[in-house]
Amino acid sequence: QVQLVESGGGLVQPGGSLRLSCAASGIIVSIAGMGWYRQAPGKEREPVAIISGTSSTHYADSVKGRFTISKDNAKNTVYLQMNSLKPEDTAVYYCQLTRLSGAVYWGQGTQVTVSS
């Protein structure tokens, strides 16, 4: 019903920037929110940034002041601007969409590697 496709990951040096995109397609209605999660090797998946249907935003403490989540409703796309990247930001980043019904959809993930 909903497909999410992430893009924009890659290799960047510490202190650098990347912008991730998540394009949603399918039945895009009754959306509670969208967000970005990440999973580093050997760790559990964790929330990074969430944007609600009313555009309120929430960030993990570890990324506050460095990451910005935004959305373009006309394009059904959510973005994650990541600045001042650190090696500990290295992970697979996943896009998530949650419906008001509680249904949750995930993208396939995009790798972000921060290394010199």
# chains A, B, ... in the order shown; residues from 1 in each chain; ligands from 1

call {"tool": "select_by_dssp", "arguments": {"residues": "chain A", "states": "strand (DSSP E or B)", "output": "PyMOL selection string"}}
result
chain A and resi 2-7+10-12+18-26+31-39+46-52+57-59+67-72+77-82+91-99+104-106+110-114

call {"tool": "select_by_dssp", "arguments": {"residues": "chain A", "states": "helix (DSSP H, G or I)", "output": "ChimeraX atom specification"}}
result
/A:73-75,87-89

call {"tool": "write_last_selection", "arguments": {"atoms": "all heavy atoms", "output": "compact mmCIF listing (two decimals), in the first residue's frame"}}
result
# COMPACT_ATOMS: atom_id res chain seq x y z
N ASN A 73 5.02 18.19 1.14
CA ASN A 73 3.78 17.44 0.98
C ASN A 73 3.40 17.24 -0.48
O ASN A 73 2.84 16.21 -0.85
CB ASN A 73 2.64 18.15 1.72
CG ASN A 73 2.79 18.07 3.22
OD1 ASN A 73 3.31 17.08 3.76
ND2 ASN A 73 2.34 19.10 3.92
N ALA A 74 3.73 18.20 -1.31
CA ALA A 74 3.38 18.09 -2.73
C ALA A 74 4.12 16.93 -3.40
O ALA A 74 3.62 16.32 -4.34
CB ALA A 74 3.68 19.40 -3.45
N LYS A 75 5.32 16.64 -2.90
CA LYS A 75 6.14 15.57 -3.47
C LYS A 75 6.08 14.30 -2.64
O LYS A 75 6.74 13.31 -2.98
CB LYS A 75 7.59 16.04 -3.60
CG LYS A 75 7.79 17.20 -4.56
CD LYS A 75 9.27 17.56 -4.66
CE LYS A 75 9.48 18.69 -5.65
NZ LYS A 75 10.92 19.08 -5.74
N PRO A 87 31.66 10.33 13.39
CA PRO A 87 31.78 8.88 13.11
C PRO A 87 30.67 8.07 13.76
O PRO A 87 30.23 7.06 13.18
CB PRO A 87 33.15 8.54 13.70
CG PRO A 87 33.93 9.81 13.57
CD PRO A 87 32.94 10.91 13.83
N GLU A 88 30.19 8.51 14.92
CA GLU A 88 29.13 7.76 15.60
C GLU A 88 27.78 7.89 14.91
O GLU A 88 26.82 7.23 15.30
CB GLU A 88 29.01 8.19 17.06
CG GLU A 88 28.90 9.68 17.28
CD GLU A 88 30.26 10.31 17.63
OE1 GLU A 88 31.26 9.96 16.96
OE2 GLU A 88 30.29 11.18 18.53
N ASP A 89 27.68 8.72 13.89
CA ASP A 89 26.45 8.80 13.08
C ASP A 89 26.42 7.70 12.02
O ASP A 89 25.41 7.54 11.32
CB ASP A 89 26.35 10.16 12.39
CG ASP A 89 26.17 11.30 13.37
OD1 ASP A 89 25.39 11.15 14.33
OD2 ASP A 89 26.81 12.36 13.17

call {"tool": "residues_around", "arguments": {"residues": "Gly26 in chain A", "least_positions_apart": "3", "cutoff": "9 Å", "atoms": "only C-alpha atoms", "output": "list of chain:residue names"}}
result
A:Gln1, A:Val2, A:Gln3, A:Leu4

call {"tool": "residues_around", "arguments": {"residues": "range 58-67 of chain A", "least_positions_apart": "2", "cutoff": "6 Å", "atoms": "only C-alpha atoms", "output": "JSON, numbers by chain"}}
result
{"A": [48, 49, 50, 81, 82, 83]}

call {"tool": "write_last_selection", "arguments": {"atoms": "N, CA and C atoms", "output": "PDB file, in the first residue's frame"}}
result
ATOM      1  N   VAL A  48      15.702   8.831  15.075  1.00  0.00           N
ATOM      2  CA  VAL A  48      16.595   9.972  14.883  1.00  0.00           C
ATOM      3  C   VAL A  48      15.792  11.263  14.847  1.00  0.00           C
ATOM      4  N   ALA A  49      14.790  11.317  14.001  1.00  0.00           N
ATOM      5  CA  ALA A  49      13.983  12.530  13.850  1.00  0.00           C
ATOM      6  C   ALA A  49      12.606  12.140  13.335  1.00  0.00           C
ATOM      7  N   ILE A  50      11.590  12.825  13.851  1.00  0.00           N
ATOM      8  CA  ILE A  50      10.199  12.552  13.495  1.00  0.00           C
ATOM      9  C   ILE A  50       9.533  13.863  13.112  1.00  0.00           C
ATOM     10  N   GLN A  81      18.362  16.620   6.694  1.00  0.00           N
ATOM     11  CA  GLN A  81      19.615  17.339   6.485  1.00  0.00           C
ATOM     12  C   GLN A  81      20.524  17.057   7.671  1.00  0.00           C
ATOM     13  N   MET A  82      21.688  16.510   7.392  1.00  0.00           N
ATOM     14  CA  MET A  82      22.615  16.123   8.438  1.00  0.00           C
ATOM     15  C   MET A  82      23.896  16.933   8.297  1.00  0.00           C
ATOM     16  N   ASN A  83      24.171  17.746   9.298  1.00  0.00           N
ATOM     17  CA  ASN A  83      25.376  18.581   9.311  1.00  0.00           C
ATOM     18  C   ASN A  83      26.288  18.166  10.459  1.00  0.00           C
TER      19      ASN A  83
END

call {"tool": "closest_residue", "arguments": {"among": "A:Ser101, A:Thr90, A:Asn76, A:Ser116", "to": "Pro41 in chain A", "atoms": "only C-alpha atoms"}}
result
A:Thr90

call {"tool": "closest_residue", "arguments": {"among": "A:Thr98, A:Ser56, A:Ser70, A:Thr77", "to": "Ser25 in chain A", "atoms": "only C-alpha atoms"}}
result
A:Thr77

call {"tool": "closest_residue", "arguments": {"among": "A:Leu18, A:Val114, A:Ile27, A:Met34", "to": "Val78 in chain A", "atoms": "only C-alpha atoms"}}
result
A:Met34

call {"tool": "atom_distance", "arguments": {"atom1": "CA of Gly53 in chain A", "atom2": "CA of Gly8 in chain A"}}
result
23.2 Å

call {"tool": "residues_around", "arguments": {"residues": "range 110-113 of chain A", "least_positions_apart": "6", "cutoff": "7 Å", "atoms": "only C-alpha atoms", "output": "MDAnalysis selection string"}}
result
chainID A and resid 6:7 9:12 90:94

call {"tool": "write_last_selection", "arguments": {"atoms": "all heavy atoms", "output": "CSV table (one decimal), in the first residue's frame"}}
result
chain,number,residue,atom,x,y,z
A,6,GLU,N,14.4,5.5,0.0
A,6,GLU,CA,15.4,6.4,0.6
A,6,GLU,C,16.5,6.6,-0.5
A,6,GLU,O,16.9,5.7,-1.2
A,6,GLU,CB,16.0,5.9,1.9
A,6,GLU,CG,15.1,5.6,3.0
A,6,GLU,CD,14.8,4.2,3.2
A,6,GLU,OE1,14.9,3.4,2.2
A,6,GLU,OE2,14.5,3.8,4.3
A,7,SER,N,17.2,7.8,-0.4
A,7,SER,CA,18.3,8.0,-1.2
A,7,SER,C,19.2,9.1,-0.5
A,7,SER,O,18.7,9.8,0.4
A,7,SER,CB,17.9,8.5,-2.6
A,7,SER,OG,17.2,9.7,-2.5
A,9,GLY,N,22.4,8.6,0.9
A,9,GLY,CA,23.4,8.1,1.7
A,9,GLY,C,24.8,8.1,1.0
A,9,GLY,O,24.9,8.3,-0.2
A,10,GLY,N,25.8,7.8,1.8
A,10,GLY,CA,27.1,7.7,1.2
A,10,GLY,C,28.2,7.9,2.2
A,10,GLY,O,28.0,7.8,3.4
A,11,LEU,N,29.4,8.1,1.7
A,11,LEU,CA,30.6,8.3,2.6
A,11,LEU,C,31.0,9.7,2.7
A,11,LEU,O,31.0,10.4,1.7
A,11,LEU,CB,31.8,7.5,2.0
A,11,LEU,CG,33.2,7.7,2.7
A,11,LEU,CD1,33.2,7.2,4.1
A,11,LEU,CD2,34.3,7.0,1.8
A,12,VAL,N,31.1,10.2,3.9
A,12,VAL,CA,31.5,11.6,4.2
A,12,VAL,C,32.5,11.7,5.3
A,12,VAL,O,32.5,10.9,6.2
A,12,VAL,CB,30.2,12.4,4.5
A,12,VAL,CG1,29.6,11.9,5.8
A,12,VAL,CG2,30.4,13.9,4.5
A,90,THR,N,27.5,7.0,11.9
A,90,THR,CA,27.6,5.9,10.9
A,90,THR,C,26.5,4.8,11.2
A,90,THR,O,26.4,4.3,12.3
A,90,THR,CB,29.0,5.3,10.9
A,90,THR,OG1,29.9,6.2,10.4
A,90,THR,CG2,29.0,4.0,10.0
A,91,ALA,N,25.7,4.5,10.2
A,91,ALA,CA,24.6,3.6,10.4
A,91,ALA,C,23.8,3.4,9.1
A,91,ALA,O,24.0,4.2,8.1
A,91,ALA,CB,23.6,4.1,11.5
A,92,VAL,N,22.9,2.5,9.1
A,92,VAL,CA,21.9,2.4,8.0
A,92,VAL,C,20.7,3.3,8.5
A,92,VAL,O,20.2,3.1,9.6
A,92,VAL,CB,21.5,1.0,7.7
A,92,VAL,CG1,20.4,1.0,6.6
A,92,VAL,CG2,22.7,0.1,7.3
A,93,TYR,N,20.3,4.2,7.6
A,93,TYR,CA,19.2,5.1,8.0
A,93,TYR,C,18.0,4.6,7.2
A,93,TYR,O,18.0,4.4,6.0
A,93,TYR,CB,19.6,6.5,7.6
A,93,TYR,CG,20.5,7.2,8.5
A,93,TYR,CD1,21.9,6.7,8.6
A,93,TYR,CD2,20.1,8.2,9.4
A,93,TYR,CE1,22.7,7.3,9.5
A,93,TYR,CE2,21.0,8.7,10.3
A,93,TYR,CZ,22.3,8.3,10.4
A,93,TYR,OH,23.2,8.9,11.3
A,94,TYR,N,16.9,4.5,8.0
A,94,TYR,CA,15.6,4.0,7.5
A,94,TYR,C,14.6,5.1,7.6
A,94,TYR,O,14.5,5.8,8.6
A,94,TYR,CB,15.1,2.8,8.3
A,94,TYR,CG,16.1,1.6,8.2
A,94,TYR,CD1,17.1,1.4,9.1
A,94,TYR,CD2,15.9,0.6,7.2
A,94,TYR,CE1,17.9,0.3,9.0
A,94,TYR,CE2,16.7,-0.5,7.1
A,94,TYR,CZ,17.7,-0.7,8.0
A,94,TYR,OH,18.5,-1.8,7.9

call {"tool": "closest_residue", "arguments": {"among": "A:Ser21, A:Thr68, A:Thr54, A:Gln13", "to": "Gly33 in chain A", "atoms": "only C-alpha atoms"}}
result
A:Thr54

call {"tool": "closest_residue", "arguments": {"among": "A:Ser17, A:Val29, A:Arg99, A:Val104", "to": "Ser84 in chain A", "atoms": "only C-alpha atoms"}}
result
A:Ser17

call {"tool": "atom_distance", "arguments": {"atom1": "CA of Ile28 in chain A", "atom2": "CA of Gln96 in chain A"}}
result
12.7 Å

call {"tool": "atom_distance", "arguments": {"atom1": "CA of Thr57 in chain A", "atom2": "CA of Ser30 in chain A"}}
result
17.8 Å

call {"tool": "closest_residue", "arguments": {"among": "A:Gly35, A:Gly42, A:Pro14, A:Gly109", "to": "Tyr79 in chain A", "atoms": "only C-alpha atoms"}}
result
A:Gly35
